[in-house]
file start17.cif (mmCIF, C-alpha atoms)
data_structure
#
loop_
_atom_site.label_atom_id
_atom_site.label_comp_id
_atom_site.auth_asym_id
_atom_site.auth_seq_id
_atom_site.Cartn_x
_atom_site.Cartn_y
_atom_site.Cartn_z
CA MET U 6 119.40 91.33 116.06
CA LEU U 7 121.40 94.35 117.20
CA VAL U 8 121.75 94.70 120.96
CA LEU U 9 123.29 97.77 122.54
CA HIS U 10 124.81 96.90 125.88
CA VAL U 11 125.49 99.92 128.10
CA THR U 12 127.40 99.79 131.41
CA ILE U 13 126.80 102.69 133.78
CA HIS U 14 128.40 103.70 137.08
CA VAL U 15 126.54 106.39 139.01
CA LEU U 16 127.45 108.44 142.05
CA PRO U 17 126.03 106.85 145.24
CA GLU U 18 123.91 109.88 146.11
CA HIS U 19 122.14 109.68 142.74
CA VAL U 20 121.24 105.97 142.65
CA ASP U 21 117.52 106.45 143.43
CA ALA U 22 117.11 109.37 141.02
CA PHE U 23 118.99 107.47 138.32
CA ARG U 24 116.73 104.43 138.75
CA ALA U 25 113.60 106.57 138.45
CA ALA U 26 114.82 108.45 135.37
CA THR U 27 116.01 105.25 133.71
CA LEU U 28 112.80 103.34 134.32
CA ASP U 29 110.87 106.25 132.82
CA ASN U 30 113.14 106.11 129.76
CA ALA U 31 112.82 102.31 129.55
CA TRP U 32 109.03 102.43 129.70
CA HIS U 33 108.81 105.03 126.93
CA SER U 34 111.48 103.30 124.85
CA LEU U 35 109.47 100.06 124.89
CA GLN U 36 106.69 101.96 123.07
CA GLU U 37 109.04 102.67 120.13
CA PRO U 38 108.32 100.35 117.18
CA GLY U 39 112.04 99.65 116.70
CA VAL U 40 112.72 98.62 120.30
CA ALA U 41 112.27 94.92 121.11
CA ARG U 42 113.67 95.12 124.64
CA PHE U 43 114.95 97.75 127.01
CA ASP U 44 116.16 95.97 130.15
CA VAL U 45 117.48 97.81 133.17
CA LEU U 46 119.75 95.70 135.40
CA GLN U 47 121.21 96.79 138.74
CA GLN U 48 124.26 94.97 140.13
CA GLU U 49 123.47 93.18 143.41
CA ASP U 50 126.78 93.72 145.22
CA ASP U 51 127.26 97.29 144.01
CA PRO U 52 123.97 99.16 143.45
CA THR U 53 125.79 102.11 141.87
CA ARG U 54 126.40 99.92 138.78
CA PHE U 55 123.76 99.35 136.12
CA VAL U 56 123.53 97.65 132.74
CA LEU U 57 121.05 98.55 130.02
CA VAL U 58 120.36 95.85 127.43
CA GLU U 59 118.64 97.50 124.46
CA ALA U 60 117.51 95.20 121.64
CA TYR U 61 116.61 96.89 118.35
CA ARG U 62 114.53 95.44 115.52
CA ASP U 63 116.53 97.10 112.71
CA ALA U 64 119.70 99.05 112.02
CA ASP U 65 117.94 102.44 111.97
CA ALA U 66 116.23 102.00 115.34
CA PRO U 67 119.13 103.11 117.60
CA ALA U 68 119.39 106.46 115.78
CA ALA U 69 115.60 106.91 115.95
CA HIS U 70 115.73 106.20 119.69
CA LYS U 71 118.33 108.93 120.20
CA GLU U 72 115.99 111.50 118.64
CA THR U 73 113.07 110.81 120.98
CA ALA U 74 112.02 113.29 123.66
CA HIS U 75 112.29 110.61 126.38
CA TYR U 76 115.88 109.73 125.43
CA LEU U 77 116.97 113.38 125.35
CA ARG U 78 115.26 114.01 128.70
CA TRP U 79 116.99 110.95 130.22
CA ARG U 80 120.39 111.91 128.77
CA ASP U 81 120.23 115.41 130.23
CA THR U 82 118.78 114.28 133.57
CA VAL U 83 121.39 111.61 134.26
CA ALA U 84 124.46 113.46 132.89
CA PRO U 85 125.42 114.94 136.29
CA MET U 86 124.79 111.59 138.05
CA MET U 87 127.62 109.67 136.36
CA ALA U 88 130.66 108.50 138.38
CA GLU U 89 132.44 107.86 135.07
CA PRO U 90 131.46 108.04 131.39
CA ARG U 91 129.03 105.31 130.43
CA ARG U 92 130.20 102.71 127.94
CA GLY U 93 128.09 101.36 125.10
CA VAL U 94 129.01 98.25 123.12
CA ARG U 95 127.18 97.07 120.01
CA CYS U 96 126.53 93.31 119.95
CA THR U 97 124.83 90.79 117.71
CA ALA U 98 122.32 88.51 119.43
CA LEU U 99 123.04 84.86 118.59
CA THR U 100 120.42 83.48 120.96
CA PRO U 101 118.38 80.58 119.63
CA ALA U 102 115.09 82.09 120.87
CA PRO U 103 113.85 85.34 119.27
CA LEU U 104 114.27 88.46 121.40
CA GLY U 105 111.37 90.77 122.14
CA MET I 8 114.11 88.87 138.74
CA LEU I 9 117.70 87.66 139.11
CA VAL I 10 119.86 88.12 136.03
CA LEU I 11 123.34 86.70 135.78
CA HIS I 12 125.44 88.74 133.43
CA VAL I 13 128.60 86.98 132.23
CA THR I 14 131.35 88.63 130.18
CA ILE I 15 133.63 86.28 128.25
CA HIS I 16 136.80 86.82 126.24
CA VAL I 17 137.88 83.88 124.09
CA LEU I 18 141.03 83.15 122.15
CA PRO I 19 140.61 84.14 118.47
CA GLU I 20 141.21 80.61 117.18
CA HIS I 21 138.32 79.32 119.30
CA VAL I 22 135.60 81.83 118.42
CA ASP I 23 133.65 79.50 116.12
CA ALA I 24 133.87 76.52 118.47
CA PHE I 25 132.91 78.70 121.43
CA ARG I 26 129.85 80.00 119.55
CA ALA I 27 128.72 76.49 118.72
CA ALA I 28 129.20 75.15 122.25
CA THR I 29 127.50 78.20 123.78
CA LEU I 30 124.48 78.08 121.49
CA ASP I 31 124.06 74.40 122.38
CA ASN I 32 124.18 75.32 126.06
CA ALA I 33 121.75 78.22 125.55
CA TRP I 34 119.24 76.03 123.71
CA HIS I 35 119.26 73.39 126.42
CA SER I 36 119.23 75.98 129.21
CA LEU I 37 116.05 77.52 127.77
CA GLN I 38 114.34 74.16 128.38
CA GLU I 39 115.02 74.44 132.14
CA PRO I 40 111.89 75.51 134.04
CA GLY I 41 113.88 78.07 136.07
CA VAL I 42 115.43 79.82 133.06
CA ALA I 43 113.44 82.72 131.59
CA ARG I 44 116.13 83.86 129.17
CA PHE I 45 119.56 82.78 128.06
CA ASP I 46 120.84 85.35 125.60
CA VAL I 47 124.15 85.01 123.81
CA LEU I 48 125.58 88.33 122.58
CA GLN I 49 128.73 88.74 120.49
CA GLN I 50 130.48 92.11 120.38
CA GLU I 51 130.42 93.65 116.87
CA ASP I 52 133.85 95.31 116.87
CA ASP I 53 135.63 92.46 118.69
CA PRO I 54 134.11 89.03 117.95
CA THR I 55 136.30 87.40 120.61
CA ARG I 56 134.09 89.05 123.26
CA PHE I 57 130.72 87.66 124.32
CA VAL I 58 128.08 88.44 126.92
CA LEU I 59 125.61 85.93 128.32
CA VAL I 60 122.46 87.37 129.89
CA GLU I 61 120.83 84.63 131.94
CA ALA I 62 117.47 85.47 133.57
CA TYR I 63 116.29 83.10 136.30
CA ARG I 64 112.74 82.72 137.61
CA ASP I 65 113.77 82.07 141.23
CA ALA I 66 116.75 82.12 143.59
CA ASP I 67 117.39 78.37 143.32
CA ALA I 68 117.48 78.26 139.53
CA PRO I 69 121.15 79.29 139.03
CA ALA I 70 122.35 76.43 141.24
CA ALA I 71 120.03 73.99 139.44
CA HIS I 72 121.42 75.19 136.12
CA LYS I 73 124.99 74.47 137.25
CA GLU I 74 124.08 70.83 137.92
CA THR I 75 122.72 70.11 134.45
CA ALA I 76 124.57 67.92 131.99
CA HIS I 77 124.52 70.65 129.33
CA TYR I 78 126.10 73.23 131.66
CA LEU I 79 128.83 70.83 132.76
CA ARG I 80 129.53 69.86 129.12
CA TRP I 81 129.73 73.54 128.15
CA ARG I 82 131.98 74.42 131.09
CA ASP I 83 134.48 71.68 130.27
CA THR I 84 134.36 72.29 126.51
CA VAL I 85 135.02 76.03 126.70
CA ALA I 86 137.56 76.01 129.57
CA PRO I 87 140.59 75.85 127.24
CA MET I 88 139.10 78.50 124.92
CA MET I 89 139.23 81.40 127.39
CA ALA I 90 141.63 84.33 126.84
CA GLU I 91 141.01 85.35 130.47
CA PRO I 92 138.74 84.12 133.27
CA ARG I 93 135.09 84.87 132.60
CA ARG I 94 133.37 87.30 134.93
CA GLY I 95 129.84 86.80 136.27
CA VAL I 96 127.86 89.55 137.96
CA ARG I 97 124.50 89.04 139.68
CA CYS I 98 121.96 91.73 138.88
CA THR I 99 118.36 92.55 139.69
CA ALA I 100 116.13 93.29 136.70
CA LEU I 101 114.23 96.55 137.24
CA THR I 102 112.74 96.59 133.76
CA PRO I 103 109.11 97.66 133.50
CA ALA I 104 108.20 94.80 131.14
CA PRO I 105 108.40 91.21 132.44
CA LEU I 106 111.39 89.20 131.27
CA GLY I 107 111.03 85.82 129.63
#
call {"tool": "encode", "arguments": {"input": "start17.cif", "output": "structure tokens"}}
result
Amino acid sequence: MLVLHVTIHVLPEHVDAFRAATLDNAWHSLQEPGVARFDVLQQEDDPTRFVLVEAYRDADAPAAHKETAHYLRWRDTVAPMMAEPRRGVRCTALTPAPLG
Amino acid sequence: MLVLHVTIHVLPEHVDAFRAATLDNAWHSLQEPGVARFDVLQQEDDPTRFVLVEAYRDADAPAAHKETAHYLRWRDTVAPMMAEPRRGVRCTALTPAPLG
């Protein structure tokens, strides 16, 4: 299974707004048929750092996600909140248990 | 929920052995009552890079995990396979859907 792993560093003054916008995006993304997981993790010792772990059921699902209204709204809302460009890495899940 | 997020970079000649040892550890870890998830992700464009996403049900579970025979076996087996020290970051899961 394809997992997109996104590391994000936000400006301190935008942490609360980023959390709210990202949880909204996560909730809507979980309704997409191609999305098995959409986890939002916040680093304990530095709350300006987040990780999104997005598990997709098929190869077309990431592109479909990027066309949704909730993704586009999130992308535009959080753009000015970034401390540095976010970094996405495509991974293959090897886990013995199924994701989702 | 506490999520331990571990990034790992292995030497190219040890990728297959690292995968095997880590999947063994993941399978056994998923039998621990305190472990909700133990995902093993391998980076698509650089297969020497892995991420473990370990979700724990309570604050004591990570310490309990580190005392298990399968963790200690994994730790000793993979120690000589590392290209650089692995990096663990403690995170809080904010995700709207429950993990596990």
call {"tool": "atom_distance", "arguments": {"input": "start17.cif", "atom1": "atom CA of I:Val96", "atom2": "atom CA of U:Val83"}}
result
23.3 Å
call {"tool": "resolve_selection", "arguments": {"input": "start17.cif", "expression": "the PyMOL selection byres ((chain I and resi 17) around 7)", "output": "PyMOL selection string"}}
result
chain I and resi 15-16+18-19+21-22+55-56+88-90
call {"tool": "resolve_selection", "arguments": {"input": "start17.cif", "expression": "the PyMOL selection byres ((chain U) within 8 of (chain I))", "output": "MDAnalysis selection string"}}
result
chainID U and resid 8 28 31:32 43:50 94:102
call {"tool": "write_last_selection", "arguments": {"input": "start17.cif", "atoms": "C-alpha atoms", "output": "short mmCIF file (atom, residue, chain, number, x, y, z; two decimals), in the coordinates of the input"}}
result
data_model
loop_
_atom_site.label_atom_id
_atom_site.label_comp_id
_atom_site.auth_asym_id
_atom_site.auth_seq_id
_atom_site.Cartn_x
_atom_site.Cartn_y
_atom_site.Cartn_z
CA VAL U 8 121.75 94.70 120.96
CA LEU U 28 112.80 103.34 134.32
CA ALA U 31 112.82 102.31 129.55
CA TRP U 32 109.03 102.43 129.70
CA PHE U 43 114.95 97.75 127.01
CA ASP U 44 116.16 95.97 130.15
CA VAL U 45 117.48 97.81 133.17
CA LEU U 46 119.75 95.70 135.40
CA GLN U 47 121.21 96.79 138.74
CA GLN U 48 124.26 94.97 140.13
CA GLU U 49 123.47 93.18 143.41
CA ASP U 50 126.78 93.72 145.22
CA VAL U 94 129.01 98.25 123.12
CA ARG U 95 127.18 97.07 120.01
CA CYS U 96 126.53 93.31 119.95
CA THR U 97 124.83 90.79 117.71
CA ALA U 98 122.32 88.51 119.43
CA LEU U 99 123.04 84.86 118.59
CA THR U 100 120.42 83.48 120.96
CA PRO U 101 118.38 80.58 119.63
CA ALA U 102 115.09 82.09 120.87
#
call {"tool": "closest_residue", "arguments": {"input": "start17.cif", "among": "U:Ala25, U:Glu18, U:Arg92, U:Tyr61", "to": "U:Trp79", "atoms": "all atoms listed in the file"}}
result
U:Ala25
call {"tool": "atom_distance", "arguments": {"input": "start17.cif", "atom1": "atom CA of U:His70", "atom2": "atom CA of I:Ala62"}}
result
25.0 Å
call {"tool": "atom_distance", "arguments": {"input": "start17.cif", "atom1": "atom CA of I:Glu61", "atom2": "atom CA of I:Pro92"}}
result
18.0 Å
call {"tool": "build_atoms", "arguments": {"input": "start17.cif", "residues": "stretch 18-46 of chain U", "atoms": "N, CA and C atoms", "output": "short mmCIF file (atom, residue, chain, number, x, y, z; two decimals), in the frame of the given file"}}
result
data_model
loop_
_atom_site.label_atom_id
_atom_site.label_comp_id
_atom_site.auth_asym_id
_atom_site.auth_seq_id
_atom_site.Cartn_x
_atom_site.Cartn_y
_atom_site.Cartn_z
N GLU U 18 125.02 109.01 145.68
CA GLU U 18 123.91 109.88 146.11
C GLU U 18 122.83 110.03 145.03
N HIS U 19 123.11 109.53 143.83
CA HIS U 19 122.14 109.68 142.74
C HIS U 19 121.49 108.36 142.33
N VAL U 20 121.74 107.28 143.07
CA VAL U 20 121.24 105.97 142.65
C VAL U 20 119.71 105.97 142.51
N ASP U 21 118.98 106.49 143.49
CA ASP U 21 117.52 106.45 143.43
C ASP U 21 116.99 107.31 142.27
N ALA U 22 117.57 108.49 142.11
CA ALA U 22 117.11 109.37 141.02
C ALA U 22 117.46 108.76 139.66
N PHE U 23 118.61 108.12 139.58
CA PHE U 23 118.99 107.47 138.32
C PHE U 23 118.02 106.34 137.98
N ARG U 24 117.70 105.52 138.97
CA ARG U 24 116.73 104.43 138.75
C ARG U 24 115.42 104.98 138.21
N ALA U 25 114.90 106.02 138.85
CA ALA U 25 113.60 106.57 138.45
C ALA U 25 113.67 107.11 137.03
N ALA U 26 114.72 107.87 136.71
CA ALA U 26 114.82 108.45 135.37
C ALA U 26 114.99 107.36 134.32
N THR U 27 115.72 106.31 134.68
CA THR U 27 116.01 105.25 133.71
C THR U 27 114.80 104.37 133.47
N LEU U 28 114.02 104.12 134.52
CA LEU U 28 112.80 103.34 134.32
C LEU U 28 111.78 104.12 133.49
N ASP U 29 111.74 105.42 133.67
CA ASP U 29 110.87 106.25 132.82
C ASP U 29 111.32 106.13 131.35
N ASN U 30 112.62 106.24 131.13
CA ASN U 30 113.14 106.11 129.76
C ASN U 30 112.87 104.72 129.19
N ALA U 31 113.05 103.69 130.02
CA ALA U 31 112.82 102.31 129.55
C ALA U 31 111.36 102.12 129.14
N TRP U 32 110.47 102.61 129.97
CA TRP U 32 109.03 102.43 129.70
C TRP U 32 108.66 103.10 128.38
N HIS U 33 109.11 104.33 128.19
CA HIS U 33 108.81 105.03 126.93
C HIS U 33 109.51 104.37 125.74
N SER U 34 110.73 103.92 125.95
CA SER U 34 111.48 103.30 124.85
C SER U 34 110.79 102.04 124.35
N LEU U 35 110.16 101.29 125.27
CA LEU U 35 109.47 100.06 124.89
C LEU U 35 108.25 100.34 124.01
N GLN U 36 107.80 101.60 123.98
CA GLN U 36 106.69 101.96 123.07
C GLN U 36 107.19 102.23 121.66
N GLU U 37 108.50 102.41 121.47
CA GLU U 37 109.04 102.67 120.13
C GLU U 37 108.91 101.41 119.27
N PRO U 38 108.49 101.55 118.02
CA PRO U 38 108.32 100.35 117.18
C PRO U 38 109.63 99.60 116.94
N GLY U 39 110.76 100.29 116.98
CA GLY U 39 112.04 99.65 116.70
C GLY U 39 112.71 99.01 117.90
N VAL U 40 112.10 99.14 119.08
CA VAL U 40 112.72 98.62 120.30
C VAL U 40 112.03 97.32 120.72
N ALA U 41 112.82 96.22 120.72
CA ALA U 41 112.27 94.92 121.11
C ALA U 41 112.38 94.71 122.62
N ARG U 42 113.44 95.24 123.20
CA ARG U 42 113.67 95.12 124.64
C ARG U 42 114.41 96.35 125.13
N PHE U 43 114.18 96.66 126.39
CA PHE U 43 114.95 97.75 127.01
C PHE U 43 115.07 97.37 128.48
N ASP U 44 116.03 96.50 128.80
CA ASP U 44 116.16 95.97 130.15
C ASP U 44 117.07 96.86 130.98
N VAL U 45 116.68 97.04 132.21
CA VAL U 45 117.48 97.81 133.17
C VAL U 45 117.90 96.85 134.28
N LEU U 46 119.21 96.62 134.39
CA LEU U 46 119.75 95.70 135.40
C LEU U 46 120.58 96.50 136.40
#
